[in-house]
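Asks: Got a file for you: upload-v8.csv, CSV, C-alpha atoms.
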```
chain,number,residue,atom,x,y,z
M,1,MET,CA,-0.3,13.9,3.5
M,2,GLY,CA,1.0,10.9,1.7
M,3,PRO,CA,4.7,10.6,2.3
M,4,LEU,CA,4.6,11.9,5.8
M,5,ILE,CA,2.0,9.5,7.3
M,6,VAL,CA,3.2,6.4,5.4
M,7,ASN,CA,6.8,6.9,6.7
M,8,GLU,CA,5.4,7.7,10.2
M,9,ILE,CA,7.0,11.1,10.3
M,10,ILE,CA,3.7,12.6,11.6
M,11,SER,CA,1.1,11.0,13.8
M,12,PRO,CA,-2.4,10.2,12.6
M,13,GLU,CA,-3.7,13.1,14.6
M,14,THR,CA,-1.4,15.5,12.9
M,15,ASN,CA,-2.4,14.0,9.6
M,16,LEU,CA,-6.1,14.7,10.4
M,17,PHE,CA,-5.1,18.3,11.3
M,18,LEU,CA,-3.3,18.8,8.0
M,19,ALA,CA,-6.4,17.4,6.3
M,20,PHE,CA,-8.5,19.9,8.1
M,21,LEU,CA,-6.3,22.8,6.9
M,22,ILE,CA,-6.2,21.5,3.3
M,23,GLY,CA,-9.9,21.1,3.4
M,24,ILE,CA,-10.4,24.7,4.4
M,25,GLY,CA,-8.1,25.8,1.6
M,26,PHE,CA,-10.0,23.5,-0.9
M,27,GLY,CA,-13.4,24.9,0.2
M,28,PHE,CA,-12.2,28.5,0.0
M,29,VAL,CA,-10.9,28.1,-3.6
M,30,LEU,CA,-14.0,26.2,-4.6
M,31,GLU,CA,-16.2,28.9,-3.3
M,32,SER,CA,-14.2,31.8,-4.7
M,33,SER,CA,-14.1,30.3,-8.1
M,34,GLY,CA,-17.9,30.2,-8.2
M,35,PHE,CA,-18.5,26.5,-7.5
M,36,SER,CA,-21.1,27.2,-4.9
M,37,SER,CA,-23.6,28.3,-7.6
M,38,SER,CA,-25.8,25.4,-8.7
M,39,ARG,CA,-26.5,27.2,-12.0
M,40,LYS,CA,-22.8,27.4,-12.9
M,41,LEU,CA,-22.4,23.7,-12.1
M,42,ALA,CA,-25.5,22.6,-14.0
M,43,GLY,CA,-24.3,24.7,-16.9
M,44,MET,CA,-22.0,21.9,-17.7
M,45,PHE,CA,-24.9,19.7,-18.7
M,46,TYR,CA,-26.6,22.4,-20.8
M,47,GLY,CA,-23.4,23.7,-22.4
M,48,TYR,CA,-23.6,27.3,-21.4
M,49,ASP,CA,-20.8,27.0,-18.8
M,50,THR,CA,-18.1,24.3,-18.9
M,51,THR,CA,-16.0,25.6,-16.1
M,52,VAL,CA,-16.5,22.4,-14.1
M,53,LEU,CA,-15.1,20.3,-16.9
M,54,LYS,CA,-12.1,22.6,-17.4
M,55,VAL,CA,-11.3,22.9,-13.7
M,56,PHE,CA,-11.5,19.3,-12.9
M,57,PHE,CA,-9.6,18.1,-16.0
M,58,THR,CA,-6.9,20.7,-15.5
M,59,ALA,CA,-6.6,19.5,-11.9
M,60,ALA,CA,-6.4,15.9,-13.1
M,61,ILE,CA,-3.8,16.4,-15.8
M,62,THR,CA,-1.7,18.6,-13.5
M,63,ALA,CA,-1.8,16.0,-10.7
M,64,LEU,CA,-1.1,13.3,-13.3
M,65,LEU,CA,2.0,15.0,-14.6
M,66,GLY,CA,3.1,15.8,-11.1
M,67,MET,CA,2.9,12.2,-10.0
M,68,LEU,CA,4.6,10.8,-13.1
M,69,PHE,CA,7.5,13.3,-13.0
M,70,GLY,CA,7.8,12.8,-9.3
M,71,SER,CA,8.1,9.1,-9.9
M,72,LEU,CA,10.6,9.7,-12.7
M,73,PHE,CA,12.8,11.7,-10.4
M,74,GLY,CA,12.4,9.1,-7.6
M,75,TRP,CA,10.5,11.4,-5.3
M,76,VAL,CA,7.2,9.4,-5.3
M,77,ASP,CA,6.8,5.6,-5.0
M,78,LEU,CA,3.8,5.0,-7.2
M,79,SER,CA,3.3,1.5,-5.7
M,80,LEU,CA,2.2,3.1,-2.4
M,81,ILE,CA,-0.4,5.3,-4.0
M,82,TYR,CA,-4.0,4.4,-3.0
M,83,ILE,CA,-6.1,3.2,-5.9
M,84,ASN,CA,-9.8,2.9,-5.3
M,85,PRO,CA,-10.8,-0.7,-5.8
M,86,THR,CA,-13.2,-1.3,-8.7
M,87,TYR,CA,-16.6,-2.9,-8.2
M,88,LEU,CA,-17.8,-2.5,-11.8
M,89,HIS,CA,-21.6,-2.8,-11.3
M,90,SER,CA,-21.8,-0.5,-8.3
M,91,ALA,CA,-19.5,2.0,-10.0
M,92,ILE,CA,-21.9,2.2,-13.0
M,93,VAL,CA,-25.1,2.4,-10.9
M,94,GLY,CA,-23.5,4.8,-8.5
M,95,GLY,CA,-22.2,7.0,-11.4
M,96,VAL,CA,-25.7,7.1,-12.9
M,97,ILE,CA,-27.3,8.1,-9.6
M,98,MET,CA,-24.6,10.7,-8.9
M,99,GLY,CA,-25.0,12.2,-12.4
M,100,ALA,CA,-28.8,12.3,-12.2
M,101,GLY,CA,-28.5,14.0,-8.7
M,102,PHE,CA,-26.0,16.4,-10.1
M,103,ILE,CA,-28.3,17.6,-13.0
M,104,MET,CA,-31.4,17.7,-10.8
M,105,GLY,CA,-29.8,19.3,-7.7
M,106,GLY,CA,-27.1,21.3,-9.3
M,107,PHE,CA,-24.4,20.2,-6.8
M,108,CYS,CA,-22.0,17.4,-6.2
M,109,PRO,CA,-21.5,16.6,-2.5
M,110,GLY,CA,-18.4,18.7,-2.0
M,111,THR,CA,-19.8,21.8,-3.6
M,112,ALA,CA,-23.1,21.4,-1.7
M,113,PHE,CA,-21.2,21.8,1.6
M,114,CYS,CA,-19.3,24.7,0.0
M,115,ALA,CA,-22.6,26.4,-0.9
M,116,ILE,CA,-24.3,25.8,2.5
M,117,SER,CA,-21.3,27.6,4.1
M,118,ILE,CA,-22.5,30.8,2.4
M,119,GLY,CA,-26.1,30.1,3.4
M,120,LYS,CA,-27.7,28.8,0.2
M,121,LEU,CA,-31.1,27.2,0.8
M,122,ASP,CA,-31.0,25.0,-2.2
M,123,ALA,CA,-27.8,23.5,-0.8
M,124,LEU,CA,-29.6,22.9,2.5
M,125,ALA,CA,-32.3,20.9,0.7
M,126,PHE,CA,-29.6,19.0,-1.3
M,127,ILE,CA,-27.7,18.0,1.9
M,128,GLY,CA,-31.0,16.9,3.4
M,129,GLY,CA,-31.5,14.6,0.5
M,130,LEU,CA,-27.9,13.5,0.8
M,131,PHE,CA,-28.5,12.4,4.4
M,132,LEU,CA,-31.8,10.6,3.4
M,133,GLY,CA,-29.9,8.8,0.7
M,134,ILE,CA,-27.2,7.7,3.2
M,135,LEU,CA,-29.8,6.5,5.6
M,136,ALA,CA,-31.7,4.6,2.9
M,137,PHE,CA,-28.5,3.0,1.7
M,138,THR,CA,-27.2,1.9,5.1
M,139,GLU,CA,-30.5,0.7,6.3
M,140,GLY,CA,-31.2,-1.2,3.1
M,141,TYR,CA,-27.6,-2.5,2.7
M,142,PRO,CA,-28.6,-6.2,2.8
M,143,LEU,CA,-30.8,-5.5,-0.2
M,144,PHE,CA,-28.0,-3.9,-2.1
M,145,GLU,CA,-25.1,-6.0,-0.9
M,146,GLU,CA,-25.1,-8.3,-3.9
M,147,LEU,CA,-25.1,-5.5,-6.4
M,148,TYR,CA,-22.6,-3.5,-4.3
M,149,LYS,CA,-20.0,-6.2,-4.4
M,150,ALA,CA,-20.6,-7.6,-7.9
M,151,GLU,CA,-17.8,-7.7,-10.5
M,152,PHE,CA,-14.9,-7.0,-8.2
M,153,MET,CA,-11.9,-6.2,-10.4
M,154,GLY,CA,-9.2,-5.4,-7.9
M,155,THR,CA,-7.4,-2.1,-8.5
M,156,PRO,CA,-6.9,-2.0,-12.3
M,157,THR,CA,-5.9,1.2,-14.0
M,158,ILE,CA,-7.1,2.2,-17.4
M,159,ASN,CA,-3.6,2.0,-19.0
M,160,GLU,CA,-3.2,-1.6,-17.7
M,161,PHE,CA,-6.6,-2.5,-19.1
M,162,PHE,CA,-5.6,-1.3,-22.6
M,163,GLY,CA,-2.0,-2.6,-22.3
M,164,LEU,CA,-0.5,0.9,-22.7
M,165,THR,CA,2.3,2.3,-20.6
M,166,ARG,CA,1.5,5.0,-18.1
M,167,GLY,CA,3.3,7.7,-20.1
M,168,ILE,CA,1.5,7.0,-23.4
M,169,PHE,CA,-1.9,6.9,-21.8
M,170,SER,CA,-1.2,10.1,-20.0
M,171,PHE,CA,-0.3,11.9,-23.2
M,172,VAL,CA,-3.5,10.6,-24.8
M,173,LEU,CA,-5.5,11.8,-21.8
M,174,ILE,CA,-3.9,15.3,-21.9
M,175,ALA,CA,-4.6,15.6,-25.6
M,176,ALA,CA,-8.2,14.4,-25.0
M,177,ALA,CA,-8.6,17.0,-22.2
M,178,PHE,CA,-7.5,19.8,-24.5
M,179,ALA,CA,-9.9,18.6,-27.2
M,180,MET,CA,-12.7,18.6,-24.7
M,181,PHE,CA,-11.8,22.1,-23.5
M,182,TRP,CA,-12.0,23.2,-27.2
M,183,VAL,CA,-15.4,21.6,-27.6
M,184,GLY,CA,-16.5,23.1,-24.2
M,185,GLU,CA,-15.6,26.6,-25.3
M,186,TRP,CA,-17.4,26.1,-28.6
M,187,ALA,CA,-20.5,25.0,-26.7
M,188,GLU,CA,-20.3,28.1,-24.5
M,189,LYS,CA,-20.5,30.2,-27.6
M,190,LYS,CA,-23.2,28.1,-29.2
M,191,PHE,CA,-25.6,27.9,-26.1
M,192,PRO,CA,-25.0,31.3,-24.4
M,193,ARG,CA,-27.1,32.4,-21.5
M,194,GLU,CA,-27.4,36.0,-20.4
M,195,GLU,CA,-27.7,35.6,-16.7
M,196,TYR,CA,-27.3,32.6,-14.5
R,1,MET,CA,-3.6,33.7,-27.2
R,2,ASN,CA,-6.2,32.4,-24.9
R,3,ILE,CA,-5.6,30.5,-21.7
R,4,ARG,CA,-6.4,27.2,-23.2
R,5,LEU,CA,-3.7,27.5,-25.8
R,6,LYS,CA,-1.2,28.7,-23.2
R,7,LEU,CA,-1.9,25.7,-21.0
R,8,ALA,CA,-1.7,23.4,-24.0
R,9,THR,CA,1.8,24.7,-24.9
R,10,ILE,CA,2.9,23.7,-21.4
R,11,PHE,CA,1.0,20.5,-20.8
R,12,LEU,CA,1.3,18.8,-24.2
R,13,PRO,CA,5.2,18.9,-24.4
R,14,LEU,CA,5.3,17.6,-20.8
R,15,GLY,CA,2.9,14.8,-21.7
R,16,LEU,CA,5.2,14.0,-24.7
R,17,ILE,CA,8.2,13.8,-22.4
R,18,ILE,CA,6.4,11.5,-20.0
R,19,ALA,CA,5.2,9.3,-22.9
R,20,ALA,CA,8.8,9.0,-24.2
R,21,VAL,CA,10.7,8.2,-21.0
R,22,PRO,CA,10.6,4.7,-19.5
R,23,GLU,CA,8.6,4.2,-16.3
R,24,ASN,CA,10.7,4.4,-13.1
R,25,THR,CA,10.4,1.0,-11.5
R,26,THR,CA,13.2,1.4,-8.9
R,27,LYS,CA,12.3,1.1,-5.3
R,28,VAL,CA,12.8,4.3,-3.4
R,29,TYR,CA,13.7,2.7,-0.1
R,30,LYS,CA,16.6,0.7,-1.3
R,31,LEU,CA,19.7,0.5,0.9
R,32,THR,CA,22.9,1.6,-0.6
R,33,ALA,CA,25.9,-0.7,-0.5
R,34,ALA,CA,27.5,1.5,2.2
R,35,GLU,CA,24.4,1.4,4.4
R,36,LEU,CA,24.2,-2.4,4.0
R,37,LEU,CA,27.9,-2.7,5.0
R,38,VAL,CA,27.3,-0.8,8.2
R,39,GLU,CA,24.4,-3.1,9.1
R,40,VAL,CA,26.4,-6.2,8.3
R,41,GLN,CA,29.3,-5.0,10.5
R,42,GLU,CA,26.9,-4.2,13.3
R,43,GLY,CA,25.5,-7.7,13.1
R,44,ALA,CA,22.2,-6.6,14.6
R,45,GLN,CA,20.4,-9.1,12.4
R,46,PHE,CA,21.7,-12.0,14.5
R,47,MET,CA,19.5,-13.6,17.2
R,48,SER,CA,21.0,-16.2,19.5
R,49,THR,CA,19.7,-19.7,19.7
R,50,ASP,CA,18.8,-19.1,23.3
R,51,GLU,CA,16.5,-16.2,22.4
R,52,ILE,CA,14.8,-18.3,19.7
R,53,ALA,CA,14.5,-21.4,21.9
R,54,ASP,CA,12.8,-19.2,24.5
R,55,MET,CA,10.3,-17.9,21.9
R,56,VAL,CA,9.6,-21.4,20.5
R,57,VAL,CA,9.0,-22.8,23.9
R,58,GLN,CA,6.7,-19.9,24.9
R,59,LYS,CA,4.9,-20.3,21.5
R,60,ASP,CA,5.4,-16.6,20.9
R,61,PRO,CA,2.9,-15.7,18.1
R,62,SER,CA,4.8,-12.7,17.1
R,63,PHE,CA,7.7,-14.4,15.4
R,64,GLN,CA,8.0,-16.8,12.4
R,65,LEU,CA,10.9,-19.2,11.7
R,66,ILE,CA,11.8,-19.4,8.1
R,67,ASP,CA,13.9,-22.3,6.8
R,68,VAL,CA,15.9,-21.3,3.8
R,69,ARG,CA,17.4,-24.7,3.0
R,70,ALA,CA,16.1,-26.8,0.1
R,71,GLN,CA,12.8,-28.5,0.4
R,72,ASP,CA,14.1,-32.1,0.9
R,73,GLU,CA,16.3,-30.9,3.8
R,74,PHE,CA,13.4,-29.1,5.3
R,75,GLU,CA,11.2,-32.2,5.1
R,76,LYS,CA,13.9,-34.3,6.9
R,77,PHE,CA,14.2,-31.9,9.8
R,78,HIS,CA,13.0,-28.5,10.7
R,79,LEU,CA,12.3,-26.5,13.8
R,80,PRO,CA,8.7,-26.4,15.2
R,81,ASN,CA,6.3,-24.2,13.2
R,82,ALA,CA,9.0,-23.2,10.7
R,83,ILE,CA,8.0,-22.5,7.1
R,84,ASN,CA,10.2,-23.4,4.1
R,85,ILE,CA,11.3,-20.6,1.7
R,86,PRO,CA,14.3,-22.1,-0.2
R,87,LEU,CA,16.9,-19.4,-0.9
R,88,ALA,CA,16.3,-19.8,-4.6
R,89,ASP,CA,12.6,-18.8,-4.2
R,90,ILE,CA,13.2,-15.9,-2.0
R,91,LEU,CA,12.3,-13.3,-4.7
R,92,SER,CA,9.1,-15.1,-5.9
R,93,ASP,CA,5.9,-13.2,-5.4
R,94,GLU,CA,4.5,-16.1,-3.5
R,95,TRP,CA,6.5,-15.2,-0.4
R,96,ALA,CA,6.5,-11.4,-0.8
R,97,ASP,CA,3.7,-11.1,1.8
R,98,PHE,CA,5.7,-13.1,4.3
R,99,LEU,CA,9.0,-11.3,3.9
R,100,ASP,CA,7.8,-7.7,3.4
R,101,GLN,CA,5.7,-6.9,6.4
R,102,ASP,CA,6.1,-5.3,9.7
R,103,VAL,CA,3.8,-7.4,11.9
R,104,LYS,CA,5.8,-10.5,12.6
R,105,MET,CA,9.5,-11.0,13.3
R,106,ASN,CA,11.0,-13.3,10.7
R,107,VAL,CA,14.0,-15.4,11.7
R,108,PHE,CA,15.9,-17.1,8.9
R,109,TYR,CA,17.9,-20.2,9.6
R,110,SER,CA,19.9,-22.7,7.6
R,111,ASN,CA,22.5,-25.3,8.5
R,112,GLY,CA,25.1,-22.7,9.3
R,113,ASN,CA,25.1,-18.9,8.9
R,114,LEU,CA,25.7,-18.6,5.3
R,115,LYS,CA,22.4,-19.2,3.5
R,116,SER,CA,20.3,-17.5,6.1
R,117,ASN,CA,22.6,-14.5,6.1
R,118,GLU,CA,22.3,-14.3,2.3
R,119,ALA,CA,18.5,-14.4,2.6
R,120,TRP,CA,18.7,-11.6,5.1
R,121,MET,CA,21.0,-9.5,2.9
R,122,ILE,CA,18.7,-9.9,-0.1
R,123,THR,CA,15.6,-8.9,1.8
R,124,ARG,CA,17.3,-6.1,3.6
R,125,GLN,CA,18.6,-4.7,0.3
R,126,LEU,CA,14.9,-4.7,-0.9
R,127,GLY,CA,14.1,-2.5,2.1
R,128,PHE,CA,12.1,-5.2,4.0
R,129,GLU,CA,12.0,-4.8,7.8
R,130,ASN,CA,11.8,-7.3,10.6
R,131,ASN,CA,13.9,-10.0,9.2
R,132,TYR,CA,16.6,-11.6,11.4
R,133,VAL,CA,19.1,-14.5,11.3
R,134,MET,CA,19.5,-17.3,13.7
R,135,GLN,CA,23.2,-17.2,14.7
R,136,GLY,CA,25.1,-20.3,14.0
R,137,GLY,CA,22.1,-22.0,12.3
R,138,LEU,CA,20.9,-25.5,13.0
R,139,ASN,CA,24.4,-26.8,13.7
R,140,TYR,CA,24.7,-24.4,16.6
R,141,TRP,CA,21.1,-25.0,17.6
R,142,ALA,CA,21.9,-28.7,17.9
R,143,GLU,CA,25.0,-28.0,19.9
R,144,THR,CA,23.5,-25.5,22.4
R,145,ILE,CA,19.8,-26.4,22.7
R,146,MET,CA,19.3,-30.0,21.7
R,147,ASP,CA,22.5,-31.3,23.3
R,148,PRO,CA,23.8,-28.8,25.8
R,149,LYS,CA,27.1,-29.5,27.5
R,150,ALA,CA,27.0,-29.2,31.3
R,151,PRO,CA,29.4,-26.5,32.4
R,152,VAL,CA,32.0,-27.4,35.0
R,153,SER,CA,30.9,-26.9,38.5
R,154,THR,CA,33.2,-23.9,39.0
R,155,SER,CA,31.5,-21.9,36.3
R,156,PRO,CA,29.9,-18.6,37.1
R,157,ASP,CA,26.2,-18.7,38.1
R,158,ASP,CA,24.9,-17.3,34.8
R,159,GLU,CA,26.7,-20.1,32.9
R,160,ILE,CA,24.8,-22.6,35.0
R,161,ALA,CA,21.5,-20.7,34.7
R,162,LYS,CA,22.0,-20.7,30.9
R,163,TYR,CA,22.6,-24.5,31.0
R,164,ASP,CA,19.5,-25.0,33.1
R,165,PHE,CA,17.5,-23.1,30.6
R,166,ARG,CA,18.9,-25.0,27.6
R,167,LYS,CA,18.3,-28.3,29.4
R,168,GLY,CA,14.6,-27.3,29.9
R,169,ALA,CA,14.3,-26.0,26.3
R,170,SER,CA,15.8,-29.2,25.1
R,171,MET,CA,13.3,-31.3,26.9
R,172,ALA,CA,10.4,-29.2,25.8
R,173,LEU,CA,11.5,-29.4,22.2
R,174,GLY,CA,12.2,-33.1,22.2
R,175,GLY,CA,15.9,-32.9,22.2
R,176,GLY,CA,18.5,-35.0,23.9
R,177,ALA,CA,19.3,-36.9,20.9
R,178,VAL,CA,19.5,-34.7,17.9
R,179,SER,CA,18.0,-34.6,14.4
R,180,SER,CA,18.8,-38.3,13.5
R,181,THR,CA,15.8,-39.5,15.6
R,182,THR,CA,13.5,-36.5,15.1
R,183,SER,CA,13.8,-37.0,11.4
R,184,LYS,CA,12.0,-40.3,11.6
R,185,LYS,CA,9.0,-38.6,13.3
R,186,LYS,CA,6.4,-37.1,11.1
R,187,SER,CA,6.6,-33.4,11.5
R,188,PRO,CA,3.3,-31.8,10.8
R,189,LYS,CA,3.4,-29.5,7.8
R,190,PRO,CA,2.6,-26.0,8.9
R,191,VAL,CA,-0.5,-24.5,7.6
R,192,ILE,CA,0.6,-21.6,5.6
R,193,LYS,CA,-1.8,-18.8,5.8
R,194,ARG,CA,-1.6,-16.2,3.2
R,195,LYS,CA,-1.4,-12.8,4.7
R,196,LYS,CA,-3.4,-10.0,3.2
R,197,LYS,CA,-1.5,-7.7,0.9
R,198,LYS,CA,0.2,-4.8,2.5
R,199,LYS,CA,-2.4,-2.1,2.6
R,200,ARG,CA,-1.9,1.1,0.8
R,201,ALA,CA,-2.7,4.3,2.5
R,202,ALA,CA,-6.4,4.7,2.4
R,203,GLY,CA,-8.1,7.7,0.9
R,204,GLY,CA,-11.0,8.8,-1.3
R,205,CYS,CA,-13.1,11.7,-2.5
```
In structure tokens, write the structure found in this file.

Replies:
Amino acid sequence: MGPLIVNEIISPETNLFLAFLIGIGFGFVLESSGFSSSRKLAGMFYGYDTTVLKVFFTAAITALLGMLFGSLFGWVDLSLIYINPTYLHSAIVGGVIMGAGFIMGGFCPGTAFCAISIGKLDALAFIGGLFLGILAFTEGYPLFEELYKAEFMGTPTINEFFGLTRGIFSFVLIAAAFAMFWVGEWAEKKFPREEY
Amino acid sequence: MNIRLKLATIFLPLGLIIAAVPENTTKVYKLTAAELLVEVQEGAQFMSTDEIADMVVQKDPSFQLIDVRAQDEFEKFHLPNAINIPLADILSDEWADFLDQDVKMNVFYSNGNLKSNEAWMITRQLGFENNYVMQGGLNYWAETIMDPKAPVSTSPDDEIAKYDFRKGASMALGGGAVSSTTSKKKSPKPVIKRKKKKKRAAGGC
């Protein structure tokens, strides 16, 4: 919980406990909105179900507006927000591996754990593969280290990269999100599937 | 009207507002003038020369002396292991890592109280913690530590104990005769190690 732990209002242990509660809530909502079905998730790539795109982009633009309005009103100090550092090459390679795994397995890591909690066997196989991948990466780390750390760019944000202000970039992103939703719904009509 | 259009009617205007307003660059943790006044009146930022001499002699690694006088004055004479951040440069990014941190205790000093207290007020106003001021500055340091006056023999015991400590500190720090002789000696330039940027709260997917 951002503002509480940074200002030492709560201890790291309480912070972990809050994370546990938030995690349960997240998993519950994920499962109840059907994200434990690998067919629903893979539908994103075939065009018959674009729920994934809509849910995640709606979440992103909601959080985006929340943070920016919070900053505008002086509730949030954006300079304290964690930004994942960018290692360009490993981000590209990792993205390709993750995407390929997503299409083949039908899960992303979070939804796989969501699906195994309701006893899905395909998720069990997926998580087995996930652990094999972790093992291969950690054991082979010296082999990958050079690629892993290549092209370190610090913590740039896209708006800084293009020289736009945060607000203008956000508006463009929101507009792009709704354009994608429209394309997504068009694709759902174009490539319908009866049962999945 | 489907859900997409409903959402769009809310999100797009909000996006337009955010695009139109300037970014908020104010620091949230700024002190108000009234809060600063309370701190100034309390004078809790002051550290006595005795406390500082004790830490210098003990080579306490948890504190850092910062000389806020001009560079040429610093080169003529400075306290052991002090670093030089002239008052004019106090806002430069170069020193932000030194001033805005909560690991070491920074003690500002100048010739008197004035410049060091100004440095403290500026950094405090920015919300930085752990910055202090050497009370009386170098003048008082010279008077009390480098060249302590022996108390009269009828003084209370703690006065005499204080004198004994000052005499010891003076010897350890090469005092006796003040700055005029030490200025001839070459004082080694401190190695300035850049501290790592203050870490943001970690997180991830």

Asks: Fewer than 2 positions away in the same chain doesn't count, so skip those; otherwise give me all residues within 10 Å of Leu64 in chain M, counting only C-alpha atoms, as a PyMOL selection string.

Replies: (chain M and resi 58-62+66-70+166-167+170+173-174) or (chain R and resi 15)

Asks: Once you count only C-alpha atoms, what closest atom pair and distance in Å to one decimal does each residue of chain M within 6 Å of chain R have, with rows by chain and rising residue number, as a Markdown table?

Replies:
```
| residue | atom | partner | partner_atom | distance |
| --- | --- | --- | --- | --- |
| M:Leu72 | CA | R:Asn24 | CA | 5.3 |
| M:Leu80 | CA | R:Arg200 | CA | 5.6 |
| M:Tyr82 | CA | R:Arg200 | CA | 5.5 |
| M:Gly167 | CA | R:Ala19 | CA | 3.7 |
| M:Ile168 | CA | R:Ala19 | CA | 4.4 |
| M:Phe171 | CA | R:Gly15 | CA | 4.6 |
```

Asks: Generate the output file for the selected residues, C-alpha atoms, as a PDB file, in the coordinates of the input.

Replies:
```pdb
ATOM      1  CA  LEU M  72      10.600   9.700 -12.700  1.00  0.00           C
ATOM      2  CA  LEU M  80       2.200   3.100  -2.400  1.00  0.00           C
ATOM      3  CA  TYR M  82      -4.000   4.400  -3.000  1.00  0.00           C
ATOM      4  CA  GLY M 167       3.300   7.700 -20.100  1.00  0.00           C
ATOM      5  CA  ILE M 168       1.500   7.000 -23.400  1.00  0.00           C
ATOM      6  CA  PHE M 171      -0.300  11.900 -23.200  1.00  0.00           C
TER       7      PHE M 171
END
```

Asks: When you draw a straight line from CA of Gln64 in chain R to CA of Glu42 in chain R, how long is it in Å?

Replies: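 Spanning CA of Gln64 in chain R to CA of Glu42 in chain R is a straight-line distance of 22.7 Å.
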
Asks: What does the distance from CA of Ala142 in chain R to CA of Glu51 in chain R come to in Å, to one decimal?

Replies: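 According to the coordinates, CA of Ala142 in chain R and CA of Glu51 in chain R are separated by 14.3 Å.
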
Asks: Quick one: pull the distance between CA of Met146 in chain R and CA of Val56 in chain R, Å, one decimal.

Replies: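 Taking CA of Met146 in chain R and CA of Val56 in chain R, their separation equals 13.0 Å.
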
Asks: Might you pull out every residue within 10 Å of range 103-117 of chain M, with only C-alpha atoms counted and same-chain residues fewer than 6 positions away left off, and present them as a compact mmCIF listing (two decimals) with C-alpha atoms, in the coordinates of the input?

Replies:
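Saved result, around-v7.txt, follows:
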```
# COMPACT_ATOMS: atom_id res chain seq x y z
CA ILE M 24 -10.40 24.70 4.40
CA PHE M 26 -10.00 23.50 -0.90
CA GLY M 27 -13.40 24.90 0.20
CA PHE M 28 -12.20 28.50 0.00
CA VAL M 29 -10.90 28.10 -3.60
CA LEU M 30 -14.00 26.20 -4.60
CA GLU M 31 -16.20 28.90 -3.30
CA SER M 32 -14.20 31.80 -4.70
CA GLY M 34 -17.90 30.20 -8.20
CA PHE M 35 -18.50 26.50 -7.50
CA SER M 36 -21.10 27.20 -4.90
CA SER M 37 -23.60 28.30 -7.60
CA SER M 38 -25.80 25.40 -8.70
CA ARG M 39 -26.50 27.20 -12.00
CA LYS M 40 -22.80 27.40 -12.90
CA LEU M 41 -22.40 23.70 -12.10
CA ALA M 42 -25.50 22.60 -14.00
CA GLY M 43 -24.30 24.70 -16.90
CA MET M 44 -22.00 21.90 -17.70
CA PHE M 45 -24.90 19.70 -18.70
CA TYR M 46 -26.60 22.40 -20.80
CA ALA M 123 -27.80 23.50 -0.80
CA LEU M 124 -29.60 22.90 2.50
CA ALA M 125 -32.30 20.90 0.70
CA PHE M 126 -29.60 19.00 -1.30
CA ILE M 127 -27.70 18.00 1.90
CA GLY M 129 -31.50 14.60 0.50
CA LEU M 130 -27.90 13.50 0.80
CA CYS R 205 -13.10 11.70 -2.50
```

Asks: From the set R:Ala44, R:Ile160, R:Leu138, R:Ala150, which residue has the shortest atom-to-atom contact distance to Glu73 in chain R, counting all atoms listed in the file?

Replies: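 Ranked by minimum distance to Glu73 in chain R, first place goes to R:Leu138.
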
Asks: Skipping near chain neighbours, those fewer than 5 positions away, what residues fall within 12 Å of range 31-33 of chain R using only C-alpha atoms, listed as a ChimeraX atom specification?

Replies: /R:26,38-40,121-129

Asks: When distances are computed from all atoms listed in the file, which of M:Pro85, M:Gly25, M:Thr50, M:Pro12 shows the smallest separation from Trp186 in chain M?

Replies: M:Thr50

Asks: Which residues, written as a ChimeraX atom specification, have at least one atom at most 9 Å from range 111-118 of chain R, with all atoms listed in the file counted and residues fewer than 4 positions away on the same chain left out?

Replies: /R:45-46,66-69,87,107,122-123,132-140

Asks: So that I can check the surroundings of range 94-96 of chain M, please list as JSON, numbers by chain every protein, DNA and RNA residue that reaches within 12 Å of it, counting only C-alpha atoms and ignoring chain neighbours fewer than 5 positions away.

Replies: {"M": [86, 87, 88, 89, 101, 102, 103, 108, 133, 137, 144, 147, 148]}

Asks: Can you put N, CA and C atoms back into range 163-169 of chain R and show it as an mmCIF file, in the frame of the given file?

Replies:
```cif
data_model
loop_
_atom_site.group_PDB
_atom_site.id
_atom_site.type_symbol
_atom_site.label_atom_id
_atom_site.label_comp_id
_atom_site.auth_asym_id
_atom_site.auth_seq_id
_atom_site.Cartn_x
_atom_site.Cartn_y
_atom_site.Cartn_z
ATOM 1 N N TYR R 163 22.701 -23.035 31.222
ATOM 2 C CA TYR R 163 22.600 -24.500 31.000
ATOM 3 C C TYR R 163 21.287 -25.028 31.417
ATOM 4 N N ASP R 164 20.812 -24.556 32.576
ATOM 5 C CA ASP R 164 19.500 -25.000 33.100
ATOM 6 C C ASP R 164 18.408 -24.692 32.070
ATOM 7 N N PHE R 165 18.482 -23.456 31.549
ATOM 8 C CA PHE R 165 17.500 -23.100 30.600
ATOM 9 C C PHE R 165 17.556 -23.956 29.335
ATOM 10 N N ARG R 166 18.761 -24.194 28.862
ATOM 11 C CA ARG R 166 18.900 -25.000 27.600
ATOM 12 C C ARG R 166 18.452 -26.416 27.853
ATOM 13 N N LYS R 167 18.708 -26.927 29.069
ATOM 14 C CA LYS R 167 18.300 -28.300 29.400
ATOM 15 C C LYS R 167 16.737 -28.357 29.291
ATOM 16 N N GLY R 168 16.120 -27.320 29.902
ATOM 17 C CA GLY R 168 14.600 -27.300 29.900
ATOM 18 C C GLY R 168 14.109 -27.152 28.491
ATOM 19 N N ALA R 169 14.710 -26.239 27.714
ATOM 20 C CA ALA R 169 14.300 -26.000 26.300
ATOM 21 C C ALA R 169 14.435 -27.314 25.535
#
```
